[in-house]
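Trainee: One structure coming up, written as structure tokens, with questions to follow.
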Amino acid sequence: MIIEKENFNILNFVKKDDYTGSYSGMRYLIRSVSKEEIKVYIWPEPYAFAKTDKELISEKTFALSKEGIEEARIYLNDQYEAQKQLWELSKNRHIV
């Protein structure tokens with residue numbers, strides 16, 4: 001598991017600002033899109049969200065609540081495991 005439950009208390013942060021992170025080749029961004037919803041975006045390294053080809057970015061919507069944040073955490077962990085080969089390959093890409 002890449003993100004442990006006890007280390008992912010971001011509800012109040014996400015209400016005000018984007019939350020970004022990365023793990024072993026997988027980058028992610030969590031953004032509040034309304035008073036009720038957040039979107040989770042994932043993409044392979046090495047580029048930042050704004051510089052990544054939109055075709056490489058996946059997104060999923062969750063409720064802006066404690067439960068929604070927990071579902072987002074589980075989603076991130078599941079996506080890391082499901083696409084581990086992609087993340088491993090992206091770690092080895094170099095920015096020239």
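To be explicit about the labels: the chains of the structure tokens are called A, B, and onward in the order shown, and within each one the residues are counted from 1, while ligands get numbers from 1 in the order they are shown.
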Among stretch 15-80 of chain A, which ones does DSSP assign to strand (DSSP E) (computed from the backbone)? Answer as a list in words.

Mentor: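 Strand (DSSP E) members of stretch 15-80 of chain A, listed: Tyr19, Thr20, Gly21, Ser22, Tyr23, Met26, Arg27, Tyr28, Leu29, Ile30, Arg31, Ser32, Glu37, Ile38, Lys39, Val40, Tyr41, Ile42, Trp43, Pro44, Ser58, Glu59, Lys60, Thr61, Phe62 and Ala63 of chain A.
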
Trainee: Would you please give, as an MDAnalysis selection string, all residues of stretch 4-90 of chain A that DSSP assigns to helix (DSSP H, G or I) based on the backbone?

Mentor: chainID A and resid 5:7 11:14 49:51 54:56 66:82 84:90

Trainee: When you look at A:Asp17 with a cut-off of 9 Å (counting only C-alpha atoms), what residues show up, excluding the ones that are within fewer than 2 positions of it in the same chain? I need them as a PDB file with N, CA and C atoms, in the first residue's frame.

Mentor:
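Result written to part.pdb:
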ATOM      1  N   PHE A  13      -7.419  20.330   3.901  1.00  0.00           N
ATOM      2  CA  PHE A  13      -6.473  20.891   2.940  1.00  0.00           C
ATOM      3  C   PHE A  13      -7.099  20.964   1.549  1.00  0.00           C
ATOM      4  N   VAL A  14      -7.725  19.871   1.119  1.00  0.00           N
ATOM      5  CA  VAL A  14      -8.285  19.791  -0.237  1.00  0.00           C
ATOM      6  C   VAL A  14      -9.421  20.786  -0.438  1.00  0.00           C
ATOM      7  N   LYS A  15     -10.099  21.158   0.619  1.00  0.00           N
ATOM      8  CA  LYS A  15     -11.167  22.147   0.498  1.00  0.00           C
ATOM      9  C   LYS A  15     -10.630  23.498   0.041  1.00  0.00           C
ATOM     10  N   TYR A  19      -3.946  19.140  -3.768  1.00  0.00           N
ATOM     11  CA  TYR A  19      -3.036  18.268  -3.032  1.00  0.00           C
ATOM     12  C   TYR A  19      -2.324  17.401  -4.057  1.00  0.00           C
ATOM     13  N   ILE A  30      -5.132  15.876  -6.291  1.00  0.00           N
ATOM     14  CA  ILE A  30      -6.501  15.836  -5.788  1.00  0.00           C
ATOM     15  C   ILE A  30      -6.978  17.277  -5.714  1.00  0.00           C
ATOM     16  N   ARG A  31      -8.089  17.556  -6.380  1.00  0.00           N
ATOM     17  CA  ARG A  31      -8.578  18.930  -6.524  1.00  0.00           C
ATOM     18  C   ARG A  31     -10.066  18.990  -6.177  1.00  0.00           C
ATOM     19  N   SER A  32     -10.435  19.963  -5.382  1.00  0.00           N
ATOM     20  CA  SER A  32     -11.841  20.231  -5.111  1.00  0.00           C
ATOM     21  C   SER A  32     -12.445  20.869  -6.355  1.00  0.00           C
TER      22      SER A  32
END

Trainee: Find the spatial neighbours of stretch 58-74 of chain A, counting only C-alpha atoms, within a cut-off of 8 Å - ignore same-chain residues fewer than 6 positions away - and output them as a ChimeraX atom specification.

Mentor: /A:3,5,8,10-11,15,32,35-43

Trainee: Would you mind exporting the chosen residues as an mmCIF file, in the first residue's frame, restricted to N, CA and C atoms?

Mentor:
data_model
loop_
_atom_site.group_PDB
_atom_site.id
_atom_site.type_symbol
_atom_site.label_atom_id
_atom_site.label_comp_id
_atom_site.auth_asym_id
_atom_site.auth_seq_id
_atom_site.Cartn_x
_atom_site.Cartn_y
_atom_site.Cartn_z
ATOM 1 N N ILE A 3 -0.209 4.569 0.167
ATOM 2 C CA ILE A 3 -0.693 5.643 1.042
ATOM 3 C C ILE A 3 -1.436 5.001 2.207
ATOM 4 N N LYS A 5 -3.627 4.938 5.608
ATOM 5 C CA LYS A 5 -4.794 5.700 6.068
ATOM 6 C C LYS A 5 -4.419 6.776 7.092
ATOM 7 N N PHE A 8 -3.062 10.129 5.634
ATOM 8 C CA PHE A 8 -3.813 10.744 4.539
ATOM 9 C C PHE A 8 -5.016 11.520 5.079
ATOM 10 N N ILE A 10 -6.350 14.651 4.647
ATOM 11 C CA ILE A 10 -6.212 15.827 3.787
ATOM 12 C C ILE A 10 -7.520 16.559 3.535
ATOM 13 N N LEU A 11 -8.601 16.149 4.170
ATOM 14 C CA LEU A 11 -9.916 16.717 3.864
ATOM 15 C C LEU A 11 -9.921 18.239 3.948
ATOM 16 N N LYS A 15 -10.099 21.158 0.619
ATOM 17 C CA LYS A 15 -11.167 22.147 0.498
ATOM 18 C C LYS A 15 -10.630 23.498 0.041
ATOM 19 N N SER A 32 -10.435 19.963 -5.382
ATOM 20 C CA SER A 32 -11.841 20.231 -5.111
ATOM 21 C C SER A 32 -12.445 20.869 -6.355
ATOM 22 N N LYS A 35 -18.368 22.183 -3.938
ATOM 23 C CA LYS A 35 -18.511 21.996 -2.491
ATOM 24 C C LYS A 35 -18.817 20.553 -2.124
ATOM 25 N N GLU A 36 -19.149 19.749 -3.129
ATOM 26 C CA GLU A 36 -19.518 18.356 -2.886
ATOM 27 C C GLU A 36 -18.563 17.333 -3.475
ATOM 28 N N GLU A 37 -17.663 17.753 -4.383
ATOM 29 C CA GLU A 37 -16.856 16.769 -5.108
ATOM 30 C C GLU A 37 -15.381 17.137 -5.205
ATOM 31 N N ILE A 38 -14.564 16.089 -5.288
ATOM 32 C CA ILE A 38 -13.154 16.218 -5.619
ATOM 33 C C ILE A 38 -12.880 15.355 -6.843
ATOM 34 N N LYS A 39 -11.832 15.707 -7.555
ATOM 35 C CA LYS A 39 -11.354 14.863 -8.653
ATOM 36 C C LYS A 39 -9.942 14.442 -8.324
ATOM 37 N N VAL A 40 -9.675 13.176 -8.623
ATOM 38 C CA VAL A 40 -8.331 12.634 -8.470
ATOM 39 C C VAL A 40 -7.785 12.389 -9.867
ATOM 40 N N TYR A 41 -6.617 12.929 -10.134
ATOM 41 C CA TYR A 41 -5.947 12.761 -11.411
ATOM 42 C C TYR A 41 -4.671 11.958 -11.167
ATOM 43 N N ILE A 42 -4.370 11.009 -12.051
ATOM 44 C CA ILE A 42 -3.109 10.279 -11.976
ATOM 45 C C ILE A 42 -2.458 10.285 -13.348
ATOM 46 N N TRP A 43 -1.122 10.274 -13.357
ATOM 47 C CA TRP A 43 -0.370 10.251 -14.609
ATOM 48 C C TRP A 43 1.045 9.768 -14.315
#

Trainee: At a cut-off of 10 Å, using only C-alpha atoms, what residues contact A:Pro46? Leave out same-chain residues fewer than 3 positions from it and give the result as a count of residues only.

Mentor: 13

Trainee: Under the rule that only C-alpha atoms are counted, which of A:Gln85, A:Ser34, A:Glu6, A:Ala48 is the nearest residue to A:Gly21?

Mentor: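 Nearest candidate to A:Gly21 out of A:Gln85, A:Ser34, A:Glu6, A:Ala48: A:Ala48.
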
Trainee: At what distance in Å, to one decimal, does atom CA of A:Lys54 lie from atom CA of A:Asn9?

Mentor: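 Those two atoms sit 28.1 Å apart.
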
Trainee: Which of these residues is nearest to A:Ile2, using only C-alpha atoms: A:Lys16, A:Ser24, A:Pro44, A:Leu89?

Mentor: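 Answer, going by the shortest atom-to-atom distance: A:Ser24.
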
Trainee: When distances are computed from only C-alpha atoms, which of A:Tyr47, A:Gln83, A:Tyr28, A:Asn77 shows the smallest separation from A:Glu4?

Mentor: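 Smallest separation from A:Glu4 among the options: A:Asn77.
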
Trainee: What does the structure give for the distance between atom CA of A:Tyr75 and atom CA of A:Leu56, in Å to one decimal?

Mentor: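 Value for the atom CA of A:Tyr75-atom CA of A:Leu56 distance: 17.1 Å.
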
Trainee: Measuring between only C-alpha atoms, which one of A:Asn7, A:Leu29, A:Asn12, A:Glu45 shows the shortest distance to A:Leu86?

Mentor: A:Glu45
